[in-house]
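Enquirer: Let me give you the structure first, and then I'll get to my questions.
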Amino acid sequence: SILSNAFAQGSTFPELKQLKKILKQDESQLDLMKIKLTIDKFIDPAIDIEDEIKKINMMVSEIKNMLPETASAMETMLAIKKYLYTPGKWNHYKTFKYDFDDPLGTKISNKLLSNYLTNKKGNCITMPFLFIILGDKLGIDVVASVAPLHVLVKFKNTDGKIYNVETTSGANFARNE
């Protein structure tokens with residue numbers, strides 16, 4: 001609604017111009033992190049996209065440090081899971097958790113990636129998208145999959161097997177049902 005209004009009104013928001021530029025790229029060049037943060041900035045103009053990118057890049061670097069040099073896709077996926085959902089030095093012993101105060105993400109601010117990075121309380125929008133962004137930056141095959149009133153992660157291992165990863169439940173595997 002906010003985004004479609006901005007497009008319809010021919011808005012002069014610099015973020016709208018940036019988003020149009022991003023979306024004109026070849027699909028293989030699209031960066032979900034930049035797209036999500038650009039859209040989030042429409043909702044909250046106070047978001048500092050470059051600062052959020054730095055936070056995410058730091059997370060990617062820390063996850064890389066947890067991995068062996070020749071990590072498999074499965075090892076990488078499990079390292080992301082550990083980084084986000086297991087307390088340790090890497091997350092100052094504060095894990096990312098499901099937001100039981102707003103489980104459906106009805107407050108639009110709770111769907112913003114910057115808020116999730118700050119308060120570590122997420123929903124089925126922020127949780128899978130951060131996981132996908134991290135996975136994408138670390139070179140594994142992860143995409144969003146939509147179910148009624150829910151988004152989860154599909155992870156494709158190098159052997160071709162596809163796993164459902166339920167980020168709202170500690171990034172555990174989930175059945176298709």
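Going by the structure tokens order, chains are called A, B, ..., each with residues numbered from 1, while ligands are numbered from 1 in the order shown.
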Could you list, as a PyMOL selection string, every residue within 12 Å of Asp101 of chain A, counting only C-alpha atoms and ignoring same-chain residues fewer than 6 positions away?
Expert: chain A and resi 107+110+121-123
Enquirer: Can you tell me, as a ChimeraX atom specification, what residues are no more than 8 Å from segment 153-169 of chain A when counting only C-alpha atoms, ignoring any on the same chain fewer than 4 positions away?
Expert: /A:72-74,97-98,122-124,127-128,131-132,140-145,173-176
Enquirer: Store the residues of this selection in a file with C-alpha atoms, as a short mmCIF file (atom, residue, chain, number, x, y, z; two decimals), in the first residue's frame.
Expert:
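Result went into result35.cif, see below:
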data_model
loop_
_atom_site.label_atom_id
_atom_site.label_comp_id
_atom_site.auth_asym_id
_atom_site.auth_seq_id
_atom_site.Cartn_x
_atom_site.Cartn_y
_atom_site.Cartn_z
CA SER A 72 29.45 -27.64 2.88
CA ALA A 73 26.07 -26.03 2.24
CA MET A 74 24.60 -28.02 5.14
CA LYS A 97 13.45 -15.22 19.26
CA TYR A 98 9.88 -15.32 18.10
CA GLY A 122 10.80 -11.44 15.09
CA ASN A 123 7.93 -12.98 13.21
CA CYS A 124 7.37 -15.02 10.08
CA MET A 127 12.92 -14.23 10.78
CA PRO A 128 12.97 -16.05 7.44
CA PHE A 131 17.99 -16.18 7.45
CA ILE A 132 17.68 -16.00 3.65
CA ILE A 140 23.79 -21.36 -0.02
CA ASP A 141 20.55 -21.95 -1.90
CA VAL A 142 17.75 -20.54 0.28
CA VAL A 143 14.43 -19.01 -0.75
CA ALA A 144 11.20 -17.89 0.89
CA SER A 145 8.22 -20.21 0.71
CA PHE A 173 13.47 -28.74 9.83
CA ALA A 174 9.74 -28.95 9.16
CA ARG A 175 7.60 -31.35 7.17
CA ASN A 176 5.85 -30.15 4.01
#
Enquirer: Run DSSP on the backbone of this structure and report the residues of chain A it assigns to alpha helix (DSSP H), as number ranges by chain.
Expert: A: 2-8, 14-23, 32-43, 49-66, 73-85, 113-119, 126-137
Enquirer: Within 10 Å of Lys94 of chain A, counting only C-alpha atoms, which residues show up once you throw out same-chain ones fewer than 3 positions away? Write them as an mmCIF file with N, CA and C atoms, in the first residue's frame, please.
Expert:
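That gives us around-v7.cif:
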data_model
loop_
_atom_site.group_PDB
_atom_site.id
_atom_site.type_symbol
_atom_site.label_atom_id
_atom_site.label_comp_id
_atom_site.auth_asym_id
_atom_site.auth_seq_id
_atom_site.Cartn_x
_atom_site.Cartn_y
_atom_site.Cartn_z
ATOM 1 N N LEU A 84 22.154 -17.638 15.019
ATOM 2 C CA LEU A 84 20.931 -16.918 15.368
ATOM 3 C C LEU A 84 20.234 -17.446 16.614
ATOM 4 N N TYR A 85 20.246 -18.777 16.802
ATOM 5 C CA TYR A 85 19.348 -19.373 17.790
ATOM 6 C C TYR A 85 20.024 -20.083 18.954
ATOM 7 N N THR A 86 21.347 -20.127 18.985
ATOM 8 C CA THR A 86 22.068 -20.747 20.102
ATOM 9 C C THR A 86 22.861 -19.651 20.806
ATOM 10 N N PRO A 87 22.706 -19.518 22.128
ATOM 11 C CA PRO A 87 23.461 -18.472 22.817
ATOM 12 C C PRO A 87 24.962 -18.744 22.786
ATOM 13 N N GLY A 88 25.732 -17.700 22.538
ATOM 14 C CA GLY A 88 27.186 -17.820 22.499
ATOM 15 C C GLY A 88 27.834 -16.444 22.445
ATOM 16 N N LYS A 89 29.150 -16.438 22.427
ATOM 17 C CA LYS A 89 29.892 -15.169 22.362
ATOM 18 C C LYS A 89 29.490 -14.355 21.141
ATOM 19 N N TRP A 90 29.266 -15.031 20.020
ATOM 20 C CA TRP A 90 28.960 -14.388 18.745
ATOM 21 C C TRP A 90 27.682 -13.545 18.819
ATOM 22 N N ASN A 91 26.742 -13.867 19.694
ATOM 23 C CA ASN A 91 25.506 -13.090 19.813
ATOM 24 C C ASN A 91 25.332 -12.522 21.226
ATOM 25 N N LYS A 97 14.618 -14.474 18.789
ATOM 26 C CA LYS A 97 13.453 -15.220 19.257
ATOM 27 C C LYS A 97 12.187 -14.762 18.545
ATOM 28 N N ASN A 119 16.107 -5.587 18.351
ATOM 29 C CA ASN A 119 15.463 -6.191 19.532
ATOM 30 C C ASN A 119 15.486 -7.713 19.539
ATOM 31 N N LYS A 120 15.909 -8.310 18.438
ATOM 32 C CA LYS A 120 16.029 -9.765 18.311
ATOM 33 C C LYS A 120 14.716 -10.498 18.573
#
Enquirer: Given only C-alpha atoms, how would the per-residue table for segment 42-69 of chain A near segment 12-30 of chain A read, listing every residue at most 10 Å away with its closest atom pair and distance in Å to one decimal, sorted by chain and number, as JSON lines?
Expert:
{"residue": "A:Phe42", "atom": "CA", "partner": "A:Glu15", "partner_atom": "CA", "distance": 7.3}
{"residue": "A:Pro45", "atom": "CA", "partner": "A:Glu15", "partner_atom": "CA", "distance": 9.3}
{"residue": "A:Ile49", "atom": "CA", "partner": "A:Glu15", "partner_atom": "CA", "distance": 9.9}
Enquirer: Using the selection just defined, write its residues with N, CA and C atoms as a PDB file, in the first residue's frame.
Expert:
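Saved as part_6.pdb:
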ATOM      1  N   PHE A  42      10.801   3.001   3.332  1.00  0.00           N
ATOM      2  CA  PHE A  42       9.540   3.661   2.991  1.00  0.00           C
ATOM      3  C   PHE A  42       8.633   3.738   4.216  1.00  0.00           C
ATOM      4  N   PRO A  45      11.370   6.160   7.601  1.00  0.00           N
ATOM      5  CA  PRO A  45      12.440   6.940   6.965  1.00  0.00           C
ATOM      6  C   PRO A  45      13.695   7.092   7.822  1.00  0.00           C
ATOM      7  N   ILE A  49      20.079   2.684   5.945  1.00  0.00           N
ATOM      8  CA  ILE A  49      20.316   1.475   5.157  1.00  0.00           C
ATOM      9  C   ILE A  49      21.776   1.036   5.249  1.00  0.00           C
TER      10      ILE A  49
END
Enquirer: Counting only C-alpha atoms, which of A:Asn65, A:Thr126, A:Ser114, A:Asn172 gets nearest to Lys41 of chain A?
Expert: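 That would be A:Ser114, the residue with the smallest distance to Lys41 of chain A.
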Enquirer: I'd like the interatomic distance between atom CA of Asp31 of chain A and atom CA of Asn57 of chain A, to a tenth of an Å.
Expert: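 Atom CA of Asn57 of chain A lies 12.9 Å from atom CA of Asp31 of chain A.
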Enquirer: Restricting the calculation to only C-alpha atoms: of A:Ile133, A:Leu149, A:Leu113, A:Leu138, which residue gets closest to Ile47 of chain A?
Expert: A:Leu113
Enquirer: Would you pick out the contacts of Leu112 of chain A at 9 Å or less, using only C-alpha atoms, so that residues sharing its chain but fewer than 2 positions from it are not included, and give the list as a list in words?
Expert: Lys36, Leu37, Asp40, Lys41, Ile43, Asp44, Ile108, Ser109, Asn110, Ser114, Asn115, Tyr116, Leu117, Ile125 and Thr126 of chain A
Enquirer: Produce a file of the selected residues containing C-alpha atoms, as a PDB file, in the first residue's frame.
Expert:
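Produced file part-v4.pdb, reproduced below:
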ATOM      1  CA  LYS A  36      14.176  -5.369   1.951  1.00  0.00           C
ATOM      2  CA  LEU A  37      15.953  -2.434   3.602  1.00  0.00           C
ATOM      3  CA  ASP A  40      11.551  -0.854   4.996  1.00  0.00           C
ATOM      4  CA  LYS A  41      12.824   2.719   4.676  1.00  0.00           C
ATOM      5  CA  ILE A  43       7.825   2.621   6.204  1.00  0.00           C
ATOM      6  CA  ASP A  44      10.394   4.150   8.557  1.00  0.00           C
ATOM      7  CA  ILE A 108       4.101  -2.905  10.713  1.00  0.00           C
ATOM      8  CA  SER A 109       7.209  -1.799  12.636  1.00  0.00           C
ATOM      9  CA  ASN A 110       7.666  -5.413  13.752  1.00  0.00           C
ATOM     10  CA  SER A 114      16.201  -3.067  11.391  1.00  0.00           C
ATOM     11  CA  ASN A 115      13.871  -3.574  14.369  1.00  0.00           C
ATOM     12  CA  TYR A 116      14.509  -7.318  14.319  1.00  0.00           C
ATOM     13  CA  LEU A 117      18.261  -6.775  14.281  1.00  0.00           C
ATOM     14  CA  ILE A 125       8.476 -12.095   7.920  1.00  0.00           C
ATOM     15  CA  THR A 126      11.654 -10.856   9.600  1.00  0.00           C
TER      16      THR A 126
END
Enquirer: Which residues are near Lys55 of chain A? Cut-off 12 Å, only C-alpha atoms, ignore same chain within fewer than 2 positions. Put them as a PDB file with all heavy atoms, in the first residue's frame.
Expert:
ATOM      1  N   MET A  33      18.824  -8.225   0.530  1.00  0.00           N
ATOM      2  CA  MET A  33      19.117  -7.352   1.659  1.00  0.00           C
ATOM      3  C   MET A  33      18.813  -5.889   1.304  1.00  0.00           C
ATOM      4  O   MET A  33      18.113  -5.198   2.042  1.00  0.00           O
ATOM      5  CB  MET A  33      20.579  -7.503   2.082  1.00  0.00           C
ATOM      6  CG  MET A  33      21.005  -6.539   3.166  1.00  0.00           C
ATOM      7  SD  MET A  33      22.746  -6.746   3.651  1.00  0.00           S
ATOM      8  CE  MET A  33      23.600  -6.283   2.136  1.00  0.00           C
ATOM      9  N   ASP A  48      18.669   3.727   8.623  1.00  0.00           N
ATOM     10  CA  ASP A  48      19.937   4.011   7.956  1.00  0.00           C
ATOM     11  C   ASP A  48      20.353   2.729   7.233  1.00  0.00           C
ATOM     12  O   ASP A  48      20.881   1.798   7.842  1.00  0.00           O
ATOM     13  CB  ASP A  48      20.986   4.425   8.991  1.00  0.00           C
ATOM     14  CG  ASP A  48      22.332   4.783   8.369  1.00  0.00           C
ATOM     15  OD1 ASP A  48      22.629   4.338   7.232  1.00  0.00           O
ATOM     16  OD2 ASP A  48      23.091   5.499   9.037  1.00  0.00           O
ATOM     17  N   ILE A  49      20.079   2.684   5.945  1.00  0.00           N
ATOM     18  CA  ILE A  49      20.316   1.475   5.157  1.00  0.00           C
ATOM     19  C   ILE A  49      21.776   1.036   5.249  1.00  0.00           C
ATOM     20  O   ILE A  49      22.065  -0.148   5.461  1.00  0.00           O
ATOM     21  CB  ILE A  49      19.871   1.668   3.689  1.00  0.00           C
ATOM     22  CG1 ILE A  49      18.342   1.793   3.627  1.00  0.00           C
ATOM     23  CG2 ILE A  49      20.361   0.507   2.818  1.00  0.00           C
ATOM     24  CD1 ILE A  49      17.797   2.118   2.245  1.00  0.00           C
ATOM     25  N   GLU A  50      22.691   1.964   5.111  1.00  0.00           N
ATOM     26  CA  GLU A  50      24.119   1.603   5.158  1.00  0.00           C
ATOM     27  C   GLU A  50      24.505   1.032   6.517  1.00  0.00           C
ATOM     28  O   GLU A  50      25.302   0.092   6.590  1.00  0.00           O
ATOM     29  CB  GLU A  50      24.992   2.800   4.795  1.00  0.00           C
ATOM     30  CG  GLU A  50      24.871   3.223   3.335  1.00  0.00           C
ATOM     31  CD  GLU A  50      25.134   2.084   2.353  1.00  0.00           C
ATOM     32  OE1 GLU A  50      26.118   1.329   2.539  1.00  0.00           O
ATOM     33  OE2 GLU A  50      24.339   1.928   1.411  1.00  0.00           O
ATOM     34  N   ASP A  51      23.951   1.571   7.596  1.00  0.00           N
ATOM     35  CA  ASP A  51      24.236   1.053   8.931  1.00  0.00           C
ATOM     36  C   ASP A  51      23.705  -0.378   9.073  1.00  0.00           C
ATOM     37  O   ASP A  51      24.387  -1.255   9.631  1.00  0.00           O
ATOM     38  CB  ASP A  51      23.617   1.960   9.998  1.00  0.00           C
ATOM     39  CG  ASP A  51      24.038   1.563  11.398  1.00  0.00           C
ATOM     40  OD1 ASP A  51      25.254   1.410  11.633  1.00  0.00           O
ATOM     41  OD2 ASP A  51      23.141   1.421  12.255  1.00  0.00           O
ATOM     42  N   GLU A  52      22.514  -0.631   8.561  1.00  0.00           N
ATOM     43  CA  GLU A  52      21.923  -1.978   8.642  1.00  0.00           C
ATOM     44  C   GLU A  52      22.728  -2.965   7.797  1.00  0.00           C
ATOM     45  O   GLU A  52      22.922  -4.115   8.191  1.00  0.00           O
ATOM     46  CB  GLU A  52      20.452  -1.957   8.221  1.00  0.00           C
ATOM     47  CG  GLU A  52      19.557  -1.058   9.077  1.00  0.00           C
ATOM     48  CD  GLU A  52      19.619  -1.351  10.561  1.00  0.00           C
ATOM     49  OE1 GLU A  52      19.614  -2.538  10.944  1.00  0.00           O
ATOM     50  OE2 GLU A  52      19.663  -0.394  11.347  1.00  0.00           O
ATOM     51  N   ILE A  53      23.202  -2.521   6.635  1.00  0.00           N
ATOM     52  CA  ILE A  53      24.040  -3.371   5.790  1.00  0.00           C
ATOM     53  C   ILE A  53      25.322  -3.739   6.538  1.00  0.00           C
ATOM     54  O   ILE A  53      25.752  -4.896   6.510  1.00  0.00           O
ATOM     55  CB  ILE A  53      24.347  -2.685   4.439  1.00  0.00           C
ATOM     56  CG1 ILE A  53      23.080  -2.660   3.576  1.00  0.00           C
ATOM     57  CG2 ILE A  53      25.502  -3.366   3.713  1.00  0.00           C
ATOM     58  CD1 ILE A  53      23.195  -1.844   2.295  1.00  0.00           C
ATOM     59  N   ASN A  57      26.509  -7.464   7.304  1.00  0.00           N
ATOM     60  CA  ASN A  57      27.821  -7.909   6.828  1.00  0.00           C
ATOM     61  C   ASN A  57      28.699  -8.389   7.978  1.00  0.00           C
ATOM     62  O   ASN A  57      29.478  -9.335   7.819  1.00  0.00           O
ATOM     63  CB  ASN A  57      28.507  -6.808   6.025  1.00  0.00           C
ATOM     64  CG  ASN A  57      27.895  -6.631   4.650  1.00  0.00           C
ATOM     65  OD1 ASN A  57      27.253  -7.540   4.120  1.00  0.00           O
ATOM     66  ND2 ASN A  57      28.066  -5.457   4.082  1.00  0.00           N
ATOM     67  N   MET A  58      28.559  -7.763   9.145  1.00  0.00           N
ATOM     68  CA  MET A  58      29.307  -8.207  10.328  1.00  0.00           C
ATOM     69  C   MET A  58      28.831  -9.603  10.742  1.00  0.00           C
ATOM     70  O   MET A  58      29.647 -10.472  11.074  1.00  0.00           O
ATOM     71  CB  MET A  58      29.124  -7.220  11.489  1.00  0.00           C
ATOM     72  CG  MET A  58      29.802  -7.668  12.767  1.00  0.00           C
ATOM     73  SD  MET A  58      31.601  -7.762  12.646  1.00  0.00           S
ATOM     74  CE  MET A  58      32.009  -6.057  12.705  1.00  0.00           C
ATOM     75  N   MET A  59      27.535  -9.828  10.679  1.00  0.00           N
ATOM     76  CA  MET A  59      26.993 -11.146  11.002  1.00  0.00           C
ATOM     77  C   MET A  59      27.556 -12.192  10.042  1.00  0.00           C
ATOM     78  O   MET A  59      27.954 -13.274  10.465  1.00  0.00           O
ATOM     79  CB  MET A  59      25.456 -11.123  10.946  1.00  0.00           C
ATOM     80  CG  MET A  59      24.823 -10.232  12.000  1.00  0.00           C
ATOM     81  SD  MET A  59      23.039 -10.002  11.735  1.00  0.00           S
ATOM     82  CE  MET A  59      22.434 -11.542  12.381  1.00  0.00           C
ATOM     83  N   VAL A  60      27.569 -11.861   8.757  1.00  0.00           N
ATOM     84  CA  VAL A  60      28.098 -12.781   7.744  1.00  0.00           C
ATOM     85  C   VAL A  60      29.555 -13.115   8.054  1.00  0.00           C
ATOM     86  O   VAL A  60      29.958 -14.282   8.028  1.00  0.00           O
ATOM     87  CB  VAL A  60      27.950 -12.184   6.322  1.00  0.00           C
ATOM     88  CG1 VAL A  60      28.729 -12.993   5.296  1.00  0.00           C
ATOM     89  CG2 VAL A  60      26.476 -12.086   5.936  1.00  0.00           C
ATOM     90  N   SER A  61      30.331 -12.105   8.381  1.00  0.00           N
ATOM     91  CA  SER A  61      31.742 -12.308   8.712  1.00  0.00           C
ATOM     92  C   SER A  61      31.896 -13.210   9.939  1.00  0.00           C
ATOM     93  O   SER A  61      32.746 -14.107   9.956  1.00  0.00           O
ATOM     94  CB  SER A  61      32.397 -10.945   8.951  1.00  0.00           C
ATOM     95  OG  SER A  61      33.731 -11.104   9.331  1.00  0.00           O
ATOM     96  N   GLU A  62      31.082 -12.974  10.953  1.00  0.00           N
ATOM     97  CA  GLU A  62      31.156 -13.793  12.171  1.00  0.00           C
ATOM     98  C   GLU A  62      30.758 -15.244  11.893  1.00  0.00           C
ATOM     99  O   GLU A  62      31.362 -16.167  12.434  1.00  0.00           O
ATOM    100  CB  GLU A  62      30.279 -13.177  13.260  1.00  0.00           C
ATOM    101  CG  GLU A  62      30.845 -11.867  13.780  1.00  0.00           C
ATOM    102  CD  GLU A  62      29.899 -11.100  14.696  1.00  0.00           C
ATOM    103  OE1 GLU A  62      28.679 -11.379  14.706  1.00  0.00           O
ATOM    104  OE2 GLU A  62      30.390 -10.198  15.403  1.00  0.00           O
ATOM    105  N   LEU A 113      13.252  -5.155   9.190  1.00  0.00           N
ATOM    106  CA  LEU A 113      14.491  -5.881   9.467  1.00  0.00           C
ATOM    107  C   LEU A 113      15.337  -5.153  10.503  1.00  0.00           C
ATOM    108  O   LEU A 113      15.926  -5.788  11.388  1.00  0.00           O
ATOM    109  CB  LEU A 113      15.261  -6.091   8.165  1.00  0.00           C
ATOM    110  CG  LEU A 113      16.408  -7.073   8.163  1.00  0.00           C
ATOM    111  CD1 LEU A 113      15.965  -8.443   8.646  1.00  0.00           C
ATOM    112  CD2 LEU A 113      16.990  -7.177   6.759  1.00  0.00           C
ATOM    113  N   SER A 114      15.389  -3.837  10.441  1.00  0.00           N
ATOM    114  CA  SER A 114      16.201  -3.067  11.391  1.00  0.00           C
ATOM    115  C   SER A 114      15.704  -3.277  12.826  1.00  0.00           C
ATOM    116  O   SER A 114      16.516  -3.393  13.746  1.00  0.00           O
ATOM    117  CB  SER A 114      16.197  -1.585  11.033  1.00  0.00           C
ATOM    118  OG  SER A 114      14.876  -1.072  11.055  1.00  0.00           O
ATOM    119  N   TYR A 116      14.164  -5.943  13.960  1.00  0.00           N
ATOM    120  CA  TYR A 116      14.509  -7.318  14.319  1.00  0.00           C
ATOM    121  C   TYR A 116      15.985  -7.426  14.701  1.00  0.00           C
ATOM    122  O   TYR A 116      16.339  -8.075  15.680  1.00  0.00           O
ATOM    123  CB  TYR A 116      14.177  -8.254  13.159  1.00  0.00           C
ATOM    124  CG  TYR A 116      14.464  -9.713  13.382  1.00  0.00           C
ATOM    125  CD1 TYR A 116      14.106 -10.359  14.556  1.00  0.00           C
ATOM    126  CD2 TYR A 116      15.090 -10.466  12.398  1.00  0.00           C
ATOM    127  CE1 TYR A 116      14.361 -11.709  14.752  1.00  0.00           C
ATOM    128  CE2 TYR A 116      15.342 -11.813  12.578  1.00  0.00           C
ATOM    129  CZ  TYR A 116      14.980 -12.433  13.754  1.00  0.00           C
ATOM    130  OH  TYR A 116      15.234 -13.769  13.937  1.00  0.00           O
ATOM    131  N   LEU A 117      16.833  -6.749  13.962  1.00  0.00           N
ATOM    132  CA  LEU A 117      18.261  -6.775  14.281  1.00  0.00           C
ATOM    133  C   LEU A 117      18.543  -6.130  15.639  1.00  0.00           C
ATOM    134  O   LEU A 117      19.451  -6.546  16.351  1.00  0.00           O
ATOM    135  CB  LEU A 117      19.069  -6.072  13.193  1.00  0.00           C
ATOM    136  CG  LEU A 117      19.114  -6.773  11.841  1.00  0.00           C
ATOM    137  CD1 LEU A 117      19.769  -5.876  10.798  1.00  0.00           C
ATOM    138  CD2 LEU A 117      19.799  -8.116  11.920  1.00  0.00           C
ATOM    139  N   THR A 118      17.747  -5.124  15.998  1.00  0.00           N
ATOM    140  CA  THR A 118      17.947  -4.413  17.256  1.00  0.00           C
ATOM    141  C   THR A 118      17.376  -5.164  18.453  1.00  0.00           C
ATOM    142  O   THR A 118      18.063  -5.373  19.451  1.00  0.00           O
ATOM    143  CB  THR A 118      17.308  -3.006  17.181  1.00  0.00           C
ATOM    144  OG1 THR A 118      17.953  -2.281  16.138  1.00  0.00           O
ATOM    145  CG2 THR A 118      17.457  -2.259  18.491  1.00  0.00           C
ATOM    146  N   LEU A 130      15.805 -12.602   7.282  1.00  0.00           N
ATOM    147  CA  LEU A 130      17.187 -12.472   7.753  1.00  0.00           C
ATOM    148  C   LEU A 130      17.953 -13.758   7.459  1.00  0.00           C
ATOM    149  O   LEU A 130      19.084 -13.711   6.977  1.00  0.00           O
ATOM    150  CB  LEU A 130      17.243 -12.155   9.255  1.00  0.00           C
ATOM    151  CG  LEU A 130      18.670 -12.069   9.819  1.00  0.00           C
ATOM    152  CD1 LEU A 130      19.498 -10.999   9.110  1.00  0.00           C
ATOM    153  CD2 LEU A 130      18.635 -11.832  11.325  1.00  0.00           C
ATOM    154  N   LEU A 134      21.257 -13.905   5.077  1.00  0.00           N
ATOM    155  CA  LEU A 134      22.537 -14.462   5.534  1.00  0.00           C
ATOM    156  C   LEU A 134      22.955 -15.639   4.664  1.00  0.00           C
ATOM    157  O   LEU A 134      24.114 -15.734   4.249  1.00  0.00           O
ATOM    158  CB  LEU A 134      22.439 -14.880   7.000  1.00  0.00           C
ATOM    159  CG  LEU A 134      22.238 -13.743   8.010  1.00  0.00           C
ATOM    160  CD1 LEU A 134      21.947 -14.314   9.393  1.00  0.00           C
ATOM    161  CD2 LEU A 134      23.426 -12.808   8.034  1.00  0.00           C
TER     162      LEU A 134
END
Enquirer: Compare A:Thr70, A:Thr95, A:Thr76, A:Thr106 by their minimum atom-to-atom distance to Gly135 of chain A, counting only C-alpha atoms, and give me the closest one.
Expert: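 Nearest candidate to Gly135 of chain A out of A:Thr70, A:Thr95, A:Thr76, A:Thr106: A:Thr76.
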Enquirer: Considering only C-alpha atoms, can you say which of A:His150, A:Tyr93, A:Glu69, A:Lys137 comes closest to Gly105 of chain A?
Expert: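 With only C-alpha atoms as the atom set, the closest residue is A:His150.
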Enquirer: Based on DSSP run over this structure's backbone, return all residues of segment 53-174 of chain A in strand (DSSP E or B), as a list in words.
Expert: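 Matching residues, listed in order: Lys97, Tyr98, Lys121, Gly122, Asp141, Val142, Val143, Ala144, Ser145, Val146, Ala147, His150, Val151, Leu152, Val153, Lys154, Phe155, Lys156, Ile162, Tyr163, Asn164, Val165, Glu166, Asn172, Phe173 and Ala174 of chain A.
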Enquirer: Quick one: distance from atom CA of His92 of chain A to atom CA of Ile80 of chain A in Å, one decimal?
Expert: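 Spanning atom CA of His92 of chain A to atom CA of Ile80 of chain A is a straight-line distance of 15.3 Å.
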